[in-house]
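Here is the file final.txt (compact mmCIF, C-alpha atoms).
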```txt
# COMPACT_ATOMS: atom_id res chain seq x y z
CA MET A 1 43.89 -39.11 65.96
CA VAL A 2 43.61 -35.70 64.32
CA SER A 3 40.38 -33.85 65.04
CA MET A 4 38.48 -32.38 62.03
CA ALA A 5 36.05 -30.46 64.17
CA GLY A 6 37.66 -27.15 63.33
CA HIS A 7 36.78 -27.45 59.62
CA PRO A 8 33.24 -26.36 58.68
CA SER A 9 32.59 -29.52 56.69
CA GLY A 10 34.08 -31.81 59.29
CA ARG A 11 36.54 -33.03 56.63
CA HIS A 12 40.11 -32.21 55.79
CA PRO A 13 40.33 -29.17 53.47
CA GLN A 14 41.34 -30.11 49.94
CA ALA A 15 44.87 -29.31 48.86
CA PRO A 16 45.05 -26.51 46.26
CA ALA A 17 45.09 -27.74 42.68
CA PRO A 18 48.56 -27.78 41.11
CA PRO A 19 49.25 -25.01 38.61
CA PRO A 20 48.51 -25.99 35.00
CA ASP A 21 51.40 -27.26 32.91
CA PRO A 22 51.87 -24.77 30.03
CA ALA A 23 53.39 -27.39 27.75
CA ALA A 24 50.54 -29.81 28.42
CA GLU A 25 47.98 -27.06 27.73
CA VAL A 26 49.67 -26.28 24.40
CA GLU A 27 49.44 -29.94 23.39
CA ARG A 28 45.79 -30.10 24.48
CA VAL A 29 44.95 -27.10 22.28
CA ILE A 30 46.78 -28.62 19.32
CA ALA A 31 45.06 -31.98 19.76
CA ARG A 32 41.62 -30.33 19.82
CA LEU A 33 42.09 -27.93 16.91
CA GLU A 34 44.34 -29.71 14.40
CA PRO A 35 41.58 -32.05 13.15
CA LEU A 36 39.42 -29.05 12.25
CA LEU A 37 41.78 -27.67 9.59
CA LEU A 38 42.71 -28.97 6.16
CA GLU A 39 45.97 -30.85 5.81
CA ARG A 40 47.37 -28.34 3.34
CA ARG A 41 46.67 -25.51 5.81
CA LEU A 42 48.45 -27.38 8.60
CA ALA A 43 51.36 -28.19 6.30
CA ARG A 44 51.72 -24.52 5.39
CA MET A 45 51.80 -23.51 9.05
CA GLN A 46 54.44 -26.14 9.82
CA ALA A 47 56.57 -25.06 6.88
CA VAL A 48 56.52 -21.42 8.02
CA LEU A 49 57.20 -22.38 11.65
CA ALA A 50 60.30 -24.26 10.54
CA THR A 51 61.80 -20.94 9.36
CA ARG A 52 60.45 -18.61 12.07
CA SER A 53 63.06 -16.61 13.99
CA ASP A 54 62.93 -14.41 17.06
CA HIS A 55 66.69 -13.82 16.98
CA VAL A 56 66.14 -10.37 15.44
CA ALA A 57 63.30 -8.18 16.72
CA PHE A 58 61.96 -5.05 15.02
CA VAL A 59 60.84 -2.00 16.99
CA PHE A 60 58.69 0.84 15.63
CA GLU A 61 58.62 4.09 17.57
CA ARG A 62 55.68 6.48 17.17
CA MET A 63 54.99 5.69 13.53
CA THR A 64 52.02 7.73 12.30
CA ASP A 65 51.22 6.22 8.90
CA PRO A 66 49.29 2.92 9.16
CA HIS A 67 50.26 2.12 5.56
CA ASN A 68 53.96 2.29 6.43
CA LEU A 69 53.56 0.15 9.53
CA SER A 70 51.42 -2.40 7.70
CA ALA A 71 53.93 -2.68 4.85
CA ALA A 72 56.74 -3.10 7.39
CA LEU A 73 54.91 -5.92 9.16
CA ARG A 74 54.28 -7.61 5.83
CA SER A 75 58.03 -7.61 5.19
CA LEU A 76 58.73 -9.13 8.61
CA ASP A 77 56.38 -12.00 7.87
CA ALA A 78 57.85 -12.42 4.37
CA PHE A 79 61.33 -12.94 5.83
CA SER A 80 59.92 -14.99 8.73
CA PHE A 81 60.71 -12.80 11.72
CA GLN A 82 58.18 -13.18 14.49
CA ASP A 83 58.44 -10.26 16.92
CA ALA A 84 57.44 -6.64 16.31
CA TRP A 85 57.36 -4.01 19.06
CA TRP A 86 55.34 -0.81 18.78
CA ILE A 87 56.14 2.20 20.97
CA ALA A 88 53.45 4.86 21.12
CA ALA A 89 52.20 7.46 23.55
CA GLY A 90 48.98 5.65 24.38
CA GLU A 91 47.67 5.56 20.82
CA LYS A 92 45.80 2.57 19.45
CA LEU A 93 47.73 0.45 16.96
CA GLU A 94 46.27 1.20 13.54
CA LEU A 95 46.97 -0.95 10.49
CA SER A 96 45.95 -0.95 6.85
CA HIS A 97 44.59 -4.45 6.32
CA LEU A 98 44.60 -3.93 2.56
CA ILE A 99 48.39 -3.60 2.71
CA SER A 100 49.24 -6.01 5.51
CA ARG A 101 47.01 -8.67 3.84
CA GLY A 102 46.43 -10.25 7.25
CA THR A 103 50.10 -11.00 7.87
CA HIS A 104 49.95 -9.16 11.21
CA ARG A 105 47.82 -12.05 12.51
CA TRP A 106 50.82 -14.36 12.26
CA LEU A 107 53.21 -12.06 14.12
CA SER A 108 53.72 -11.42 17.82
CA LEU A 109 52.92 -7.72 18.33
CA HIS A 110 54.12 -6.17 21.58
CA ALA A 111 52.95 -2.76 22.82
CA PRO A 112 54.92 -1.83 25.96
CA GLU A 113 54.20 1.30 28.01
CA GLY A 114 56.75 3.67 26.54
CA THR A 115 60.31 3.64 25.28
CA THR A 116 62.10 2.88 28.54
CA ALA A 117 59.84 -0.10 29.27
CA CYS A 118 60.25 -1.41 25.74
CA LEU A 119 64.03 -1.33 25.74
CA ALA A 120 64.17 -2.80 29.24
CA ALA A 121 61.92 -5.69 28.18
CA LEU A 122 64.06 -6.33 25.12
CA ARG A 123 67.23 -6.44 27.19
CA THR A 124 65.57 -8.83 29.64
CA GLN A 125 65.09 -11.15 26.67
CA GLY A 126 68.77 -10.82 25.74
CA TYR A 127 68.55 -8.33 22.88
CA ARG A 128 71.12 -5.71 22.03
CA VAL A 129 69.29 -2.57 20.89
CA LEU A 130 70.42 -0.69 17.76
CA ALA A 131 68.68 2.49 16.59
CA SER A 132 68.33 3.41 12.94
CA HIS A 133 70.04 6.79 12.73
CA LEU A 134 72.38 8.69 10.41
CA GLY A 135 73.37 11.73 12.45
CA GLU A 136 76.12 12.04 14.99
CA ALA A 137 75.46 12.55 18.70
CA PRO A 138 77.95 13.88 21.26
CA GLY A 139 79.61 11.05 23.13
CA ALA A 140 77.88 8.39 21.04
CA SER A 141 79.62 5.71 19.04
CA ALA A 142 79.54 6.10 15.26
CA SER A 143 76.63 4.66 13.32
CA VAL A 144 77.56 1.37 11.63
CA SER A 145 76.42 0.26 8.21
CA LEU A 146 73.80 -2.49 8.12
CA PRO A 147 76.26 -5.09 6.72
CA GLN A 148 78.61 -4.37 9.65
CA ILE A 149 76.12 -5.55 12.26
CA ASP A 150 77.20 -8.80 13.91
CA PHE A 151 74.01 -10.83 13.91
CA ARG A 152 75.55 -13.57 15.99
CA ARG A 153 74.21 -11.46 18.85
CA ARG A 154 70.48 -11.33 19.53
CA THR A 155 69.56 -7.94 18.08
CA ALA A 156 66.62 -5.51 18.14
CA LEU A 157 66.50 -2.90 15.36
CA VAL A 158 64.61 0.31 16.17
CA PHE A 159 62.95 2.42 13.46
CA GLY A 160 61.57 5.85 14.32
CA ASN A 161 58.83 8.17 13.20
CA GLU A 162 58.53 8.68 9.42
CA HIS A 163 59.45 12.36 9.68
CA ALA A 164 61.41 12.86 12.90
CA GLY A 165 63.23 9.53 13.07
CA VAL A 166 64.03 7.86 16.39
CA SER A 167 63.63 9.98 19.50
CA GLY A 168 66.43 11.35 21.64
CA GLU A 169 65.32 8.94 24.36
CA VAL A 170 65.96 5.95 22.11
CA LEU A 171 69.36 7.33 21.07
CA ALA A 172 70.31 7.82 24.72
CA LEU A 173 69.22 4.33 25.76
CA ALA A 174 70.24 2.26 22.72
CA ASP A 175 73.40 0.17 22.65
CA GLY A 176 74.37 1.57 19.27
CA ARG A 177 73.17 2.95 15.94
CA PHE A 178 73.05 1.67 12.38
CA HIS A 179 72.24 2.97 8.92
CA ILE A 180 71.69 1.74 5.35
CA ASP A 181 74.29 2.94 2.87
CA MET A 182 72.91 4.74 -0.19
CA LEU A 183 74.85 5.43 -3.37
CA GLY A 184 72.61 7.84 -5.25
CA PHE A 185 71.48 11.41 -4.66
CA THR A 186 68.70 10.53 -2.24
CA GLU A 187 69.53 10.88 1.45
CA SER A 188 66.76 8.78 2.92
CA LEU A 189 64.47 5.83 2.23
CA ASN A 190 60.79 5.33 2.88
CA LEU A 191 60.54 3.75 6.32
CA SER A 192 58.82 0.58 5.15
CA VAL A 193 61.49 0.17 2.45
CA ALA A 194 64.23 0.54 5.06
CA VAL A 195 62.56 -2.15 7.18
CA ALA A 196 62.28 -4.50 4.20
CA ILE A 197 65.97 -4.05 3.33
CA SER A 198 66.99 -4.60 6.95
CA ALA A 199 64.80 -7.70 7.30
CA PHE A 200 66.14 -9.18 4.06
CA HIS A 201 69.74 -8.62 5.12
CA ALA A 202 69.17 -9.95 8.65
CA ARG A 203 67.51 -13.09 7.28
CA ARG A 204 70.34 -13.70 4.85
CA GLU A 205 72.89 -13.28 7.65
CA ILE A 206 71.24 -15.59 10.17
CA ASP A 207 70.74 -18.22 7.46
CA ARG A 208 74.44 -17.97 6.64
CA LEU A 209 75.36 -18.21 10.31
CA ARG A 210 73.01 -21.13 10.86
CA GLY A 211 74.62 -22.99 7.99
CA SER A 212 78.06 -22.54 9.54
CA THR A 213 76.99 -24.00 12.90
CA GLY A 214 75.71 -27.31 11.58
CA ASN A 215 72.68 -26.86 13.85
CA PRO A 216 69.48 -26.42 11.81
CA ASP A 217 67.70 -24.79 14.77
CA ALA A 218 70.39 -22.18 15.45
CA TYR A 219 69.08 -18.59 15.33
CA LEU A 220 65.48 -19.81 15.03
CA MET A 221 62.75 -19.98 17.64
CA ALA A 222 63.20 -22.51 20.43
CA PRO A 223 61.11 -25.69 19.87
CA ALA A 224 58.84 -25.04 22.89
CA LYS A 225 58.14 -21.47 21.79
CA ARG A 226 57.54 -22.64 18.24
CA ARG A 227 55.04 -25.21 19.51
CA ALA A 228 53.21 -22.58 21.58
CA LEU A 229 53.06 -20.31 18.54
CA TYR A 230 51.59 -23.16 16.50
CA ALA A 231 48.84 -23.55 19.10
CA GLN A 232 48.13 -19.82 18.91
CA TRP A 233 47.94 -19.93 15.12
CA LEU A 234 45.46 -22.79 15.36
CA LYS A 235 43.33 -20.75 17.76
CA ASP A 236 43.39 -17.83 15.35
CA SER A 237 42.36 -20.09 12.46
CA VAL A 238 39.36 -21.83 14.03
CA ARG A 239 36.10 -20.01 14.68
CA ARG A 240 35.16 -19.95 18.36
CA ALA A 241 38.32 -21.88 19.17
CA GLU A 242 37.90 -21.06 22.85
CA VAL A 243 34.67 -23.08 22.89
CA VAL A 244 36.28 -26.01 21.12
CA VAL A 245 39.20 -26.20 23.53
CA GLY A 246 36.92 -25.67 26.52
CA THR A 247 38.22 -22.36 27.85
CA VAL A 248 34.75 -20.80 28.14
```
Write out the structure in this file as structure tokens.
Amino acid sequence: MVSMAGHPSGRHPQAPAPPPDPAAEVERVIARLEPLLLERRLARMQAVLATRSDHVAFVFERMTDPHNLSAALRSLDAFSFQDAWWIAAGEKLELSHLISRGTHRWLSLHAPEGTTACLAALRTQGYRVLASHLGEAPGASASVSLPQIDFRRRTALVFGNEHAGVSGEVLALADGRFHIDMLGFTESLNLSVAVAISAFHARREIDRLRGSTGNPDAYLMAPAKRRALYAQWLKDSVRRAEVVVGTV
């Protein structure tokens, strides 16, 4: 017989509770919140989720104009890319809600601690990092035109400050550089316009590639990640959702 005298209660200590199952928690949130929204709202979310892609990520380094950043995020949502990364030297992320029209609420916004941490995190997730840059750098490979990018590879596109462009640190750490060809007299584009063009082209390319695979989910978000995102969107759409799902 095993003595229990050593335990203050005189009973066997309880085994620690098993860690929560993330997938089960996602389904619990969905089950609680779905009935609170209109069917047309749910249908719209599902339709957008069916096109959402994290195959191409967009990185913004030290942008200073909230209007530019807001317009860029609006383009990402329009072409159904989910992930935006914002590199800044400790500044708060500022957006113009009049321009973004709330689209930032549907995106996954990441704010890592500096350039090195950002690029390391992207590589951990399997991204190749390409910096938007026209100039030449000693020892660096030549900048490729946007249509030359092979989007079969998981790719992160980095856009720099509106005036200074990407930093030397990004150029040193990136896997390559790209640019948008221009045929007229102008030598540069507004940053938000460059992002919109890049997002449009990337979407067209991954849709073309997906069609050639015969797999409708190729180049889109994985089903489990898409389901978790749906749960997050439901939380963001229901007032005091944390009370409804019982997290407070």
_Neighbours of point (46.5, -21.2, 12.9) within 10 Å, using only C-alpha atoms, written as a ChimeraX atom specification_ = /A:30,33-34,37,41-42,44-46,105-106,229-238
_Within 7 Å of range 53-67 of chain A using all atoms listed in the file, minus same-chain residues under 4 positions, as a list in words_ =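 Listing them by chain and then by number gives Ala71, Ser80, Phe81, Gln82, Asp83, Ala84, Trp85, Trp86, Ile87, Ala88, Glu94, Leu95, Ser96, Ile99, Arg154, Thr155, Ala156, Leu157, Val158, Phe159, Gly160, Asn161, Glu162, Val166, Tyr219, Leu220 and Met221 of chain A.
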_Show me, as a list in words, the residues that have an atom within 9 Å of Val193 in chain A when counting all atoms listed in the file, minus same-chain residues fewer than 5 positions from it._
Asn68, Ala71, Ala72, Ser75 and Ser198 of chain A
_Please compute the CA of Asp21 in chain A-CA of Ala224 in chain A distance, one decimal, in Å._
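Calculated distance between CA of Asp21 in chain A and CA of Ala224 in chain A is 12.7 Å.
Across the structure, CA of His163 in chain A and CA of Leu191 in chain A are spaced 9.3 Å apart.
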*Kindly give the distance, in Å, that separates CA of Asp175 in chain A and CA of Ala111 in chain A, rounded to a single decimal.*
20.7 Å
Since the input has fewer atoms than a full residue there, write range 68-79 of chain A out with all heavy atoms, as an mmCIF file, keeping the file's coordinate frame.
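Produced file result02.cif, reproduced below:
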```
data_model
loop_
_atom_site.group_PDB
_atom_site.id
_atom_site.type_symbol
_atom_site.label_atom_id
_atom_site.label_comp_id
_atom_site.auth_asym_id
_atom_site.auth_seq_id
_atom_site.Cartn_x
_atom_site.Cartn_y
_atom_site.Cartn_z
ATOM 1 N N ASN A 68 52.543 2.609 6.235
ATOM 2 C CA ASN A 68 53.960 2.290 6.430
ATOM 3 C C ASN A 68 54.130 1.131 7.406
ATOM 4 O O ASN A 68 54.902 0.197 7.164
ATOM 5 C CB ASN A 68 54.702 3.514 6.968
ATOM 6 C CG ASN A 68 55.435 4.271 5.880
ATOM 7 O OD1 ASN A 68 55.823 3.698 4.870
ATOM 8 N ND2 ASN A 68 55.609 5.561 6.073
ATOM 9 N N LEU A 69 53.434 1.198 8.527
ATOM 10 C CA LEU A 69 53.560 0.150 9.530
ATOM 11 C C LEU A 69 53.061 -1.188 8.986
ATOM 12 O O LEU A 69 53.691 -2.231 9.192
ATOM 13 C CB LEU A 69 52.790 0.535 10.794
ATOM 14 C CG LEU A 69 52.868 -0.449 11.966
ATOM 15 C CD1 LEU A 69 54.315 -0.724 12.349
ATOM 16 C CD2 LEU A 69 52.093 0.082 13.163
ATOM 17 N N SER A 70 51.976 -1.165 8.263
ATOM 18 C CA SER A 70 51.420 -2.400 7.700
ATOM 19 C C SER A 70 52.379 -3.016 6.681
ATOM 20 O O SER A 70 52.575 -4.236 6.661
ATOM 21 C CB SER A 70 50.068 -2.106 7.041
ATOM 22 O OG SER A 70 49.155 -1.576 7.984
ATOM 23 N N ALA A 71 52.966 -2.172 5.835
ATOM 24 C CA ALA A 71 53.930 -2.680 4.850
ATOM 25 C C ALA A 71 55.162 -3.249 5.548
ATOM 26 O O ALA A 71 55.718 -4.266 5.113
ATOM 27 C CB ALA A 71 54.332 -1.557 3.895
ATOM 28 N N ALA A 72 55.589 -2.608 6.640
ATOM 29 C CA ALA A 72 56.740 -3.100 7.390
ATOM 30 C C ALA A 72 56.452 -4.472 7.989
ATOM 31 O O ALA A 72 57.287 -5.397 7.914
ATOM 32 C CB ALA A 72 57.117 -2.101 8.486
ATOM 33 N N LEU A 73 55.276 -4.631 8.575
ATOM 34 C CA LEU A 73 54.910 -5.920 9.160
ATOM 35 C C LEU A 73 54.828 -7.005 8.093
ATOM 36 O O LEU A 73 55.203 -8.164 8.336
ATOM 37 C CB LEU A 73 53.582 -5.807 9.902
ATOM 38 C CG LEU A 73 53.561 -4.881 11.129
ATOM 39 C CD1 LEU A 73 52.181 -4.892 11.775
ATOM 40 C CD2 LEU A 73 54.633 -5.269 12.139
ATOM 41 N N ARG A 74 54.350 -6.648 6.922
ATOM 42 C CA ARG A 74 54.280 -7.610 5.830
ATOM 43 C C ARG A 74 55.675 -8.110 5.450
ATOM 44 O O ARG A 74 55.882 -9.296 5.158
ATOM 45 C CB ARG A 74 53.596 -6.968 4.626
ATOM 46 C CG ARG A 74 53.244 -7.937 3.511
ATOM 47 C CD ARG A 74 52.394 -7.237 2.471
ATOM 48 N NE ARG A 74 52.125 -8.097 1.333
ATOM 49 C CZ ARG A 74 51.398 -7.724 0.280
ATOM 50 N NH1 ARG A 74 50.872 -6.517 0.237
ATOM 51 N NH2 ARG A 74 51.205 -8.551 -0.721
ATOM 52 N N SER A 75 56.649 -7.212 5.487
ATOM 53 C CA SER A 75 58.030 -7.610 5.190
ATOM 54 C C SER A 75 58.577 -8.541 6.261
ATOM 55 O O SER A 75 59.306 -9.495 5.964
ATOM 56 C CB SER A 75 58.923 -6.371 5.070
ATOM 57 O OG SER A 75 58.580 -5.604 3.935
ATOM 58 N N LEU A 76 58.256 -8.268 7.526
ATOM 59 C CA LEU A 76 58.730 -9.130 8.610
ATOM 60 C C LEU A 76 58.205 -10.554 8.433
ATOM 61 O O LEU A 76 58.944 -11.527 8.610
ATOM 62 C CB LEU A 76 58.305 -8.584 9.970
ATOM 63 C CG LEU A 76 58.814 -7.200 10.356
ATOM 64 C CD1 LEU A 76 58.547 -6.931 11.830
ATOM 65 C CD2 LEU A 76 60.290 -7.032 10.036
ATOM 66 N N ASP A 77 56.928 -10.672 8.094
ATOM 67 C CA ASP A 77 56.380 -12.000 7.870
ATOM 68 C C ASP A 77 57.032 -12.653 6.650
ATOM 69 O O ASP A 77 57.335 -13.849 6.670
ATOM 70 C CB ASP A 77 54.869 -11.919 7.670
ATOM 71 C CG ASP A 77 54.264 -13.275 7.357
ATOM 72 O OD1 ASP A 77 54.228 -14.129 8.269
ATOM 73 O OD2 ASP A 77 53.860 -13.497 6.194
ATOM 74 N N ALA A 78 57.262 -11.865 5.594
ATOM 75 C CA ALA A 78 57.850 -12.420 4.370
ATOM 76 C C ALA A 78 59.212 -13.032 4.629
ATOM 77 O O ALA A 78 59.560 -14.068 4.045
ATOM 78 C CB ALA A 78 57.953 -11.325 3.308
ATOM 79 N N PHE A 79 59.996 -12.417 5.524
ATOM 80 C CA PHE A 79 61.330 -12.940 5.830
ATOM 81 C C PHE A 79 61.342 -13.734 7.127
ATOM 82 O O PHE A 79 62.398 -14.061 7.661
ATOM 83 C CB PHE A 79 62.341 -11.789 5.855
ATOM 84 C CG PHE A 79 62.461 -11.099 4.522
ATOM 85 C CD1 PHE A 79 62.060 -9.785 4.358
ATOM 86 C CD2 PHE A 79 62.941 -11.780 3.412
ATOM 87 C CE1 PHE A 79 62.142 -9.157 3.126
ATOM 88 C CE2 PHE A 79 63.032 -11.164 2.177
ATOM 89 C CZ PHE A 79 62.627 -9.850 2.032
#
```
